[in-house]
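Data file: model-v2.tsv. Format and content: TSV, C-alpha atoms.
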chain	number	residue	atom	x	y	z
A	1	GLY	CA	-6.65	-1.00	16.66
A	2	ASP	CA	-5.49	-3.14	13.77
A	3	SER	CA	-1.76	-3.66	13.35
A	4	VAL	CA	0.68	-5.73	11.29
A	5	THR	CA	4.17	-6.76	12.30
A	6	GLN	CA	6.53	-8.24	9.74
A	7	MET	CA	10.11	-9.33	10.04
A	8	GLU	CA	12.77	-6.69	9.79
A	9	GLY	CA	14.89	-6.67	6.70
A	10	PRO	CA	16.87	-6.55	4.68
A	11	VAL	CA	16.89	-10.18	3.65
A	12	THR	CA	19.63	-11.30	1.29
A	13	LEU	CA	19.49	-14.72	-0.36
A	14	SER	CA	21.20	-16.59	-3.13
A	15	GLU	CA	19.21	-17.65	-6.16
A	16	GLU	CA	17.19	-20.86	-5.61
A	17	ALA	CA	17.23	-20.44	-1.82
A	18	PHE	CA	14.08	-20.88	0.29
A	19	LEU	CA	12.32	-17.70	1.40
A	20	THR	CA	10.23	-17.04	4.50
A	21	ILE	CA	9.05	-13.59	5.52
A	22	ASN	CA	7.15	-13.64	8.80
A	23	CYS	CA	3.99	-11.62	9.33
A	24	THR	CA	1.73	-11.48	12.39
A	25	TYR	CA	-1.31	-9.34	12.95
A	26	THR	CA	-3.67	-7.93	15.56
A	27	ALA	CA	-7.24	-7.25	14.56
A	28	THR	CA	-10.82	-7.36	15.76
A	29	GLY	CA	-13.26	-9.47	13.85
A	30	TYR	CA	-12.29	-11.49	10.79
A	31	PRO	CA	-9.86	-9.58	8.61
A	32	SER	CA	-8.61	-10.42	5.14
A	33	LEU	CA	-4.85	-10.72	4.70
A	34	PHE	CA	-2.70	-9.68	1.76
A	35	TRP	CA	0.86	-9.67	0.54
A	36	TYR	CA	1.85	-6.83	-1.77
A	37	VAL	CA	5.14	-6.46	-3.64
A	38	GLN	CA	6.81	-3.17	-4.60
A	39	TYR	CA	9.53	-3.10	-7.26
A	40	PRO	CA	11.88	-0.08	-7.34
A	41	GLY	CA	10.17	3.07	-8.54
A	42	GLU	CA	6.77	1.42	-8.83
A	43	GLY	CA	3.56	1.22	-6.88
A	44	LEU	CA	2.40	-1.79	-4.92
A	45	GLN	CA	1.14	-4.88	-6.71
A	46	LEU	CA	-1.08	-7.48	-5.12
A	47	LEU	CA	0.85	-10.74	-4.81
A	48	LEU	CA	-1.70	-12.93	-3.03
A	49	LYS	CA	-4.54	-12.83	-0.55
A	50	ALA	CA	-6.57	-14.95	1.85
A	51	THR	CA	-9.98	-13.99	3.17
A	52	LYS	CA	-10.63	-16.54	5.92
A	53	ALA	CA	-8.88	-18.83	8.35
A	54	ASP	CA	-6.94	-21.75	6.81
A	55	ASP	CA	-7.15	-20.24	3.31
A	56	LYS	CA	-3.93	-20.46	1.32
A	57	GLY	CA	-3.12	-17.70	-1.11
A	58	SER	CA	-0.66	-18.46	-3.89
A	59	ASN	CA	0.80	-16.73	-6.94
A	60	LYS	CA	4.04	-16.93	-8.94
A	61	GLY	CA	5.42	-19.64	-6.65
A	62	PHE	CA	4.72	-17.63	-3.48
A	63	GLU	CA	2.36	-19.00	-0.83
A	64	ALA	CA	0.92	-17.85	2.48
A	65	THR	CA	-1.61	-19.53	4.78
A	66	TYR	CA	-4.03	-17.61	7.01
A	67	ARG	CA	-3.44	-19.03	10.51
A	68	LYS	CA	-6.02	-17.68	12.93
A	69	GLU	CA	-4.65	-19.62	15.92
A	70	THR	CA	-1.25	-17.97	15.60
A	71	THR	CA	-2.53	-14.74	13.96
A	72	SER	CA	0.04	-15.19	11.22
A	73	PHE	CA	0.33	-15.01	7.43
A	74	HIS	CA	3.92	-15.91	6.62
A	75	LEU	CA	5.10	-15.59	3.01
A	76	GLU	CA	7.10	-18.49	1.54
A	77	LYS	CA	8.72	-19.41	-1.74
A	78	GLY	CA	10.65	-22.57	-2.38
A	79	SER	CA	13.20	-21.22	-4.84
A	80	VAL	CA	13.73	-17.48	-5.25
A	81	GLN	CA	14.98	-15.78	-8.41
A	82	VAL	CA	16.91	-12.56	-8.94
A	83	SER	CA	13.70	-11.05	-10.35
A	84	ASP	CA	12.01	-11.53	-6.95
A	85	SER	CA	14.18	-8.76	-5.49
A	86	ALA	CA	11.72	-6.17	-4.17
A	87	VAL	CA	10.05	-4.88	-1.01
A	88	TYR	CA	7.28	-7.12	0.34
A	89	PHE	CA	4.42	-5.75	2.44
A	90	CYS	CA	2.02	-7.72	4.57
A	91	ALA	CA	-1.37	-6.01	4.92
A	92	LEU	CA	-4.63	-6.51	6.76
A	93	GLY	CA	-8.08	-5.56	5.48
A	94	GLY	CA	-10.18	-4.89	8.54
A	95	SER	CA	-13.83	-4.44	9.35
A	96	ASN	CA	-13.59	-0.77	8.38
A	97	TYR	CA	-12.40	-1.86	4.88
A	98	LYS	CA	-9.13	-0.02	5.42
A	99	LEU	CA	-5.78	-1.63	4.60
A	100	THR	CA	-3.21	-1.59	7.40
A	101	PHE	CA	0.32	-2.29	6.20
A	102	GLY	CA	3.45	-3.61	7.85
A	103	LYS	CA	6.69	-1.71	7.44
A	104	GLY	CA	7.89	-3.82	4.54
A	105	THR	CA	10.77	-6.26	4.08
A	106	LEU	CA	13.45	-5.62	1.48
A	107	LEU	CA	14.49	-8.82	-0.31
A	108	THR	CA	17.65	-8.97	-2.38
A	109	VAL	CA	18.39	-12.12	-4.36
A	110	ASN	CA	21.94	-12.53	-5.65
A	111	PRO	CA	22.80	-14.67	-8.70
B	1	GLU	CA	-7.38	-2.76	-18.49
B	2	ALA	CA	-5.52	0.49	-17.89
B	3	GLY	CA	-4.11	0.84	-14.40
B	4	VAL	CA	-4.30	3.66	-11.91
B	5	ALA	CA	-2.69	6.77	-13.40
B	6	GLN	CA	-0.91	9.36	-11.27
B	7	SER	CA	0.90	12.57	-12.09
B	8	PRO	CA	3.40	14.02	-11.72
B	9	ARG	CA	5.89	11.23	-10.99
B	10	TYR	CA	8.26	13.54	-9.17
B	11	LYS	CA	7.93	16.94	-7.56
B	12	ILE	CA	10.46	19.09	-5.73
B	13	ILE	CA	9.29	22.17	-3.85
B	14	GLU	CA	10.46	24.37	-1.02
B	15	LYS	CA	8.80	24.29	2.39
B	16	ARG	CA	5.74	26.49	2.72
B	17	GLN	CA	4.95	26.17	-0.99
B	18	SER	CA	1.86	24.36	-2.23
B	19	VAL	CA	1.62	21.26	-4.40
B	20	ALA	CA	-1.12	19.17	-6.00
B	21	PHE	CA	-1.23	15.56	-7.16
B	22	TRP	CA	-3.66	13.99	-9.58
B	23	CYS	CA	-5.04	10.47	-9.77
B	24	ASN	CA	-7.26	8.71	-12.30
B	25	PRO	CA	-8.48	5.33	-10.99
B	26	ILE	CA	-9.25	2.21	-12.98
B	27	SER	CA	-12.42	2.74	-14.98
B	28	GLY	CA	-15.49	1.78	-13.01
B	29	HIS	CA	-13.79	1.64	-9.62
B	30	ALA	CA	-15.99	3.39	-7.11
B	31	THR	CA	-13.53	3.47	-4.23
B	32	LEU	CA	-10.40	5.62	-4.32
B	33	TYR	CA	-7.66	5.90	-1.70
B	34	TRP	CA	-4.73	8.24	-1.10
B	35	TYR	CA	-1.78	6.92	0.89
B	36	GLN	CA	1.39	8.51	2.19
B	37	GLN	CA	4.49	6.28	2.14
B	38	ILE	CA	7.46	7.64	4.05
B	39	LEU	CA	10.83	6.07	3.20
B	40	GLY	CA	11.28	2.75	4.94
B	41	GLN	CA	7.65	2.45	6.05
B	42	GLY	CA	4.45	0.95	4.80
B	43	PRO	CA	1.77	3.12	3.19
B	44	LYS	CA	-0.49	5.03	5.56
B	45	LEU	CA	-4.05	5.82	4.50
B	46	LEU	CA	-4.78	9.54	4.25
B	47	ILE	CA	-8.29	9.51	2.79
B	48	GLN	CA	-10.81	7.11	1.27
B	49	PHE	CA	-13.58	8.09	-1.16
B	50	GLN	CA	-16.62	6.07	-2.13
B	51	ASN	CA	-17.76	7.66	-5.40
B	52	ASN	CA	-17.49	11.37	-4.58
B	53	GLY	CA	-18.10	11.06	-0.85
B	54	VAL	CA	-15.46	10.80	1.89
B	55	VAL	CA	-15.58	7.52	3.84
B	56	ASP	CA	-12.53	7.99	6.05
B	57	ASP	CA	-10.23	10.98	6.44
B	58	SER	CA	-9.27	10.41	10.06
B	59	GLN	CA	-5.53	10.46	9.34
B	60	LEU	CA	-5.54	13.41	6.93
B	61	PRO	CA	-3.79	16.48	8.44
B	62	LYS	CA	-6.65	18.78	7.57
B	63	ASP	CA	-4.84	21.96	8.48
B	64	ARG	CA	-2.64	21.53	5.40
B	65	PHE	CA	-3.93	18.62	3.31
B	66	SER	CA	-7.10	18.58	1.23
B	67	ALA	CA	-8.51	16.17	-1.31
B	68	GLU	CA	-11.47	16.11	-3.62
B	69	ARG	CA	-13.17	13.78	-6.05
B	70	LEU	CA	-15.84	16.02	-7.49
B	71	LYS	CA	-17.33	13.82	-10.21
B	72	GLY	CA	-16.61	10.49	-8.57
B	73	VAL	CA	-13.83	9.65	-11.02
B	74	ASP	CA	-10.45	11.35	-10.81
B	75	SER	CA	-9.12	12.98	-7.67
B	76	THR	CA	-6.64	15.60	-6.55
B	77	LEU	CA	-4.68	15.79	-3.31
B	78	LYS	CA	-3.26	19.14	-2.26
B	79	ILE	CA	-0.75	20.19	0.36
B	80	GLN	CA	-0.63	23.84	1.41
B	81	PRO	CA	1.72	24.84	2.95
B	82	ALA	CA	4.20	21.98	2.71
B	83	LYS	CA	6.47	21.00	5.59
B	84	LEU	CA	9.74	19.10	5.53
B	85	GLU	CA	8.06	16.04	7.06
B	86	ASP	CA	5.74	15.81	4.03
B	87	SER	CA	8.57	14.39	1.95
B	88	ALA	CA	7.22	11.00	0.90
B	89	VAL	CA	5.70	9.02	-1.94
B	90	TYR	CA	1.98	9.68	-2.37
B	91	LEU	CA	0.16	6.65	-3.68
B	92	CYS	CA	-3.30	6.48	-5.14
B	93	ALA	CA	-5.24	3.23	-5.20
B	94	SER	CA	-8.67	2.13	-6.33
B	95	SER	CA	-10.93	-0.86	-5.86
B	96	SER	CA	-14.13	-1.98	-7.52
B	97	GLN	CA	-16.02	-2.47	-4.28
B	98	THR	CA	-15.63	-1.74	-0.63
B	99	GLY	CA	-14.97	-4.80	1.48
B	100	SER	CA	-12.25	-6.28	3.62
B	101	GLY	CA	-11.42	-8.88	0.95
B	102	GLN	CA	-11.29	-6.50	-1.99
B	103	PRO	CA	-7.77	-5.93	-3.34
B	104	GLN	CA	-6.65	-2.39	-4.02
B	105	HIS	CA	-4.86	-1.50	-7.24
B	106	PHE	CA	-2.06	1.04	-6.88
B	107	GLY	CA	-0.58	3.67	-9.16
B	108	ASP	CA	3.17	4.24	-9.38
B	109	GLY	CA	2.98	7.18	-7.00
B	110	THR	CA	4.29	10.74	-6.85
B	111	ARG	CA	7.62	11.20	-5.09
B	112	LEU	CA	7.59	14.54	-3.26
B	113	SER	CA	10.76	16.15	-1.98
B	114	ILE	CA	10.59	19.22	0.25
B	115	LEU	CA	13.70	21.41	0.39

Show the structure stored in the file as structure tokens.
Amino acid sequence: GDSVTQMEGPVTLSEEAFLTINCTYTATGYPSLFWYVQYPGEGLQLLLKATKADDKGSNKGFEATYRKETTSFHLEKGSVQVSDSAVYFCALGGSNYKLTFGKGTLLTVNP
Amino acid sequence: EAGVAQSPRYKIIEKRQSVAFWCNPISGHATLYWYQQILGQGPKLLIQFQNNGVVDDSQLPKDRFSAERLKGVDSTLKIQPAKLEDSAVYLCASSSQTGSGQPQHFGDGTRLSIL
């Protein structure tokens, strides 16, 4: 079945540092890939998405590229801010239209 | 547009009691989802509705969980009787269409604690 593996957290960075959160997936067919962000006490918010190979999703300085050859969708940001502190989830939208989530990565950015 | 509304935000009950959660999706969204998010894990789909019909309930523990969406708009999820392992955040989400590329919009969730 479909599955998502993302890097274990927590990740702690200083403000303006470079961020990478790794995500790899297993799926049949041609899934869509998503990154969601969850701030404390809130639901999940869509951060970015990509629907086919080589697509790059981007939003709020975050980027991720759909790499079919390596089955990956790594999240990157060049300069993180304290306000980026949250839990980040990689997710796969499969042929059954169901979202399969990774376990989440807690990011803490210190001033 | 108004987001997905859920209530209550928090609920504390004792094991073997019953509890119900309510969700009102974004206006016009035909697809509604209920997820269970256990602490430290990603959300797990419990049930998916398309209008008022069930599309997928393969991971819903049907001996104790039930859900309905009678008029194809708002939905309720019930647990009866609750077990300790049901302690989690229950998230409702909706989307305008069904498709692998369609984003889902989430409510803030109901945090359930079982004593």

Item to complete: List the neighbours of Ala93 of chain B out to 7 Å using all atoms listed in the file; skip same-chain residues closer than 6 positions along the sequence, and give me the result as number ranges by chain.
Response: B: 4, 25, 32-34, 104-107

Practice prompt. Have a look at atom CA of Ile12 of chain B and atom CA of Val87 of chain A and let me know their distance in Å, one decimal.
Written response: 24.4 Å

Worksheet item: Pick the closest to chain A from B:Leu70, B:Cys92, B:Ile13, B:Ala20: which is it, counting only C-alpha atoms?
Response: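 Closest to chain A of all the choices is B:Cys92.
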
Discussion item. Please determine, counting all atoms listed in the file, which residue among A:Leu19, A:Leu75, A:Cys90, A:Leu13 has the shortest atom-to-atom distance to chain B.
Written reply: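 Nearest to chain B: A:Cys90.
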
Worksheet item: So how many Å separate atom CA of Ser14 of chain A and atom CA of Phe89 of chain A, to one decimal?
Response: 20.7 Å

Worksheet item: So, counting only C-alpha atoms, which residue among A:Leu46, A:Lys60, A:Ser79, A:Ser72 is closest to Ser3 of chain A?
Response: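 When distances to Ser3 of chain A are compared using only C-alpha atoms, the smallest one comes from A:Ser72.
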
Practice prompt. Compute the chain B side of the contact with chain A at 12 Å, counting only C-alpha atoms, and hand it back as a count of residues only.
Written response: 53

Discussion item. I need the residue nearest Phe73 of chain A from this list: A:Pro10, A:Gly57, A:Gly1, A:Pro111. Use all atoms listed in the file for the distance.
Written reply: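 The answer is A:Gly57, which sits nearest to Phe73 of chain A.
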
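Our summary of the geometry notes that atom CA of Ser85 of chain A is positioned 24.1 Å from atom CA of Tyr25 of chain A.
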
Discussion item. Residues near Gly78 of chain A, anyone? I mean within 9 Å using only C-alpha atoms, not counting same-chain ones fewer than 5 positions away, as a list in words.
Written reply: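 Returned residues: Glu16, Ala17, Phe18, Leu19, Thr20, Gly61 and Phe62 of chain A.
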
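Nearest-residue note for Val4 of chain A: choosing from A:Thr65, A:Asn110, A:Asn22, A:Asn59, the minimum distance belongs to A:Asn22, counting all atoms listed in the file.
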
Discussion item. From the options B:Lys15, B:Arg69, B:Arg64, B:His29, which residue's atoms come nearest to Leu84 of chain B, counting only C-alpha atoms?
Written reply: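 The shortest atom-to-atom distance to Leu84 of chain B comes from B:Lys15.
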
Discussion item. List the spatial neighbours of Gln80 of chain B as a PyMOL selection string - criterion: any atom at most 9 Å away, all atoms listed in the file, same-chain residues fewer than 4 positions off excluded.
Written reply: chain B and resi 16-20+63-66

Worksheet item: Taking (-13.8, 7.9, -11.5) in the file's coordinates, which residues come within 9 Å, counting only C-alpha atoms, written as a list in words?
Response: Asn24, Pro25, Ile26, Ser27, Gly28, His29, Ala30, Thr31, Leu32, Asn51, Asn52, Arg69, Lys71, Gly72, Val73, Asp74 and Ser75 of chain B

Please complete segment 62-74 of chain A so it has N, CA, C and O atoms, and hand it over as a short mmCIF file (atom, residue, chain, number, x, y, z; two decimals), in the frame of the given file.
data_model
loop_
_atom_site.label_atom_id
_atom_site.label_comp_id
_atom_site.auth_asym_id
_atom_site.auth_seq_id
_atom_site.Cartn_x
_atom_site.Cartn_y
_atom_site.Cartn_z
N PHE A 62 4.84 -18.09 -4.87
CA PHE A 62 4.72 -17.63 -3.48
C PHE A 62 3.44 -18.21 -2.86
O PHE A 62 2.43 -18.37 -3.54
N GLU A 63 3.52 -18.49 -1.56
CA GLU A 63 2.36 -19.00 -0.83
C GLU A 63 2.31 -18.37 0.56
O GLU A 63 3.36 -18.02 1.13
N ALA A 64 1.10 -18.26 1.09
CA ALA A 64 0.92 -17.85 2.48
C ALA A 64 -0.39 -18.44 2.97
O ALA A 64 -1.38 -18.44 2.23
N THR A 65 -0.41 -18.92 4.21
CA THR A 65 -1.61 -19.53 4.78
C THR A 65 -2.09 -18.70 5.96
O THR A 65 -1.31 -18.34 6.84
N TYR A 66 -3.36 -18.41 5.97
CA TYR A 66 -4.03 -17.61 7.01
C TYR A 66 -4.20 -18.51 8.24
O TYR A 66 -5.04 -19.41 8.26
N ARG A 67 -3.40 -18.24 9.28
CA ARG A 67 -3.44 -19.03 10.51
C ARG A 67 -4.07 -18.20 11.62
O ARG A 67 -3.42 -17.33 12.21
N LYS A 68 -5.32 -18.47 11.92
CA LYS A 68 -6.02 -17.68 12.93
C LYS A 68 -5.47 -17.98 14.33
O LYS A 68 -5.38 -17.09 15.17
N GLU A 69 -5.10 -19.24 14.57
CA GLU A 69 -4.65 -19.62 15.92
C GLU A 69 -3.35 -18.94 16.31
O GLU A 69 -3.11 -18.70 17.49
N THR A 70 -2.51 -18.65 15.30
CA THR A 70 -1.25 -17.97 15.60
C THR A 70 -1.25 -16.54 15.08
O THR A 70 -0.22 -15.85 15.16
N THR A 71 -2.37 -16.07 14.58
CA THR A 71 -2.53 -14.74 13.96
C THR A 71 -1.34 -14.43 13.04
O THR A 71 -0.66 -13.41 13.19
N SER A 72 -1.11 -15.34 12.10
CA SER A 72 0.04 -15.19 11.22
C SER A 72 -0.33 -15.40 9.76
O SER A 72 -1.36 -16.02 9.44
N PHE A 73 0.52 -14.89 8.89
CA PHE A 73 0.33 -15.01 7.43
C PHE A 73 1.72 -14.93 6.80
O PHE A 73 2.04 -14.01 6.07
N HIS A 74 2.53 -15.92 7.07
CA HIS A 74 3.92 -15.91 6.62
C HIS A 74 4.03 -16.18 5.13
O HIS A 74 3.39 -17.09 4.60
#
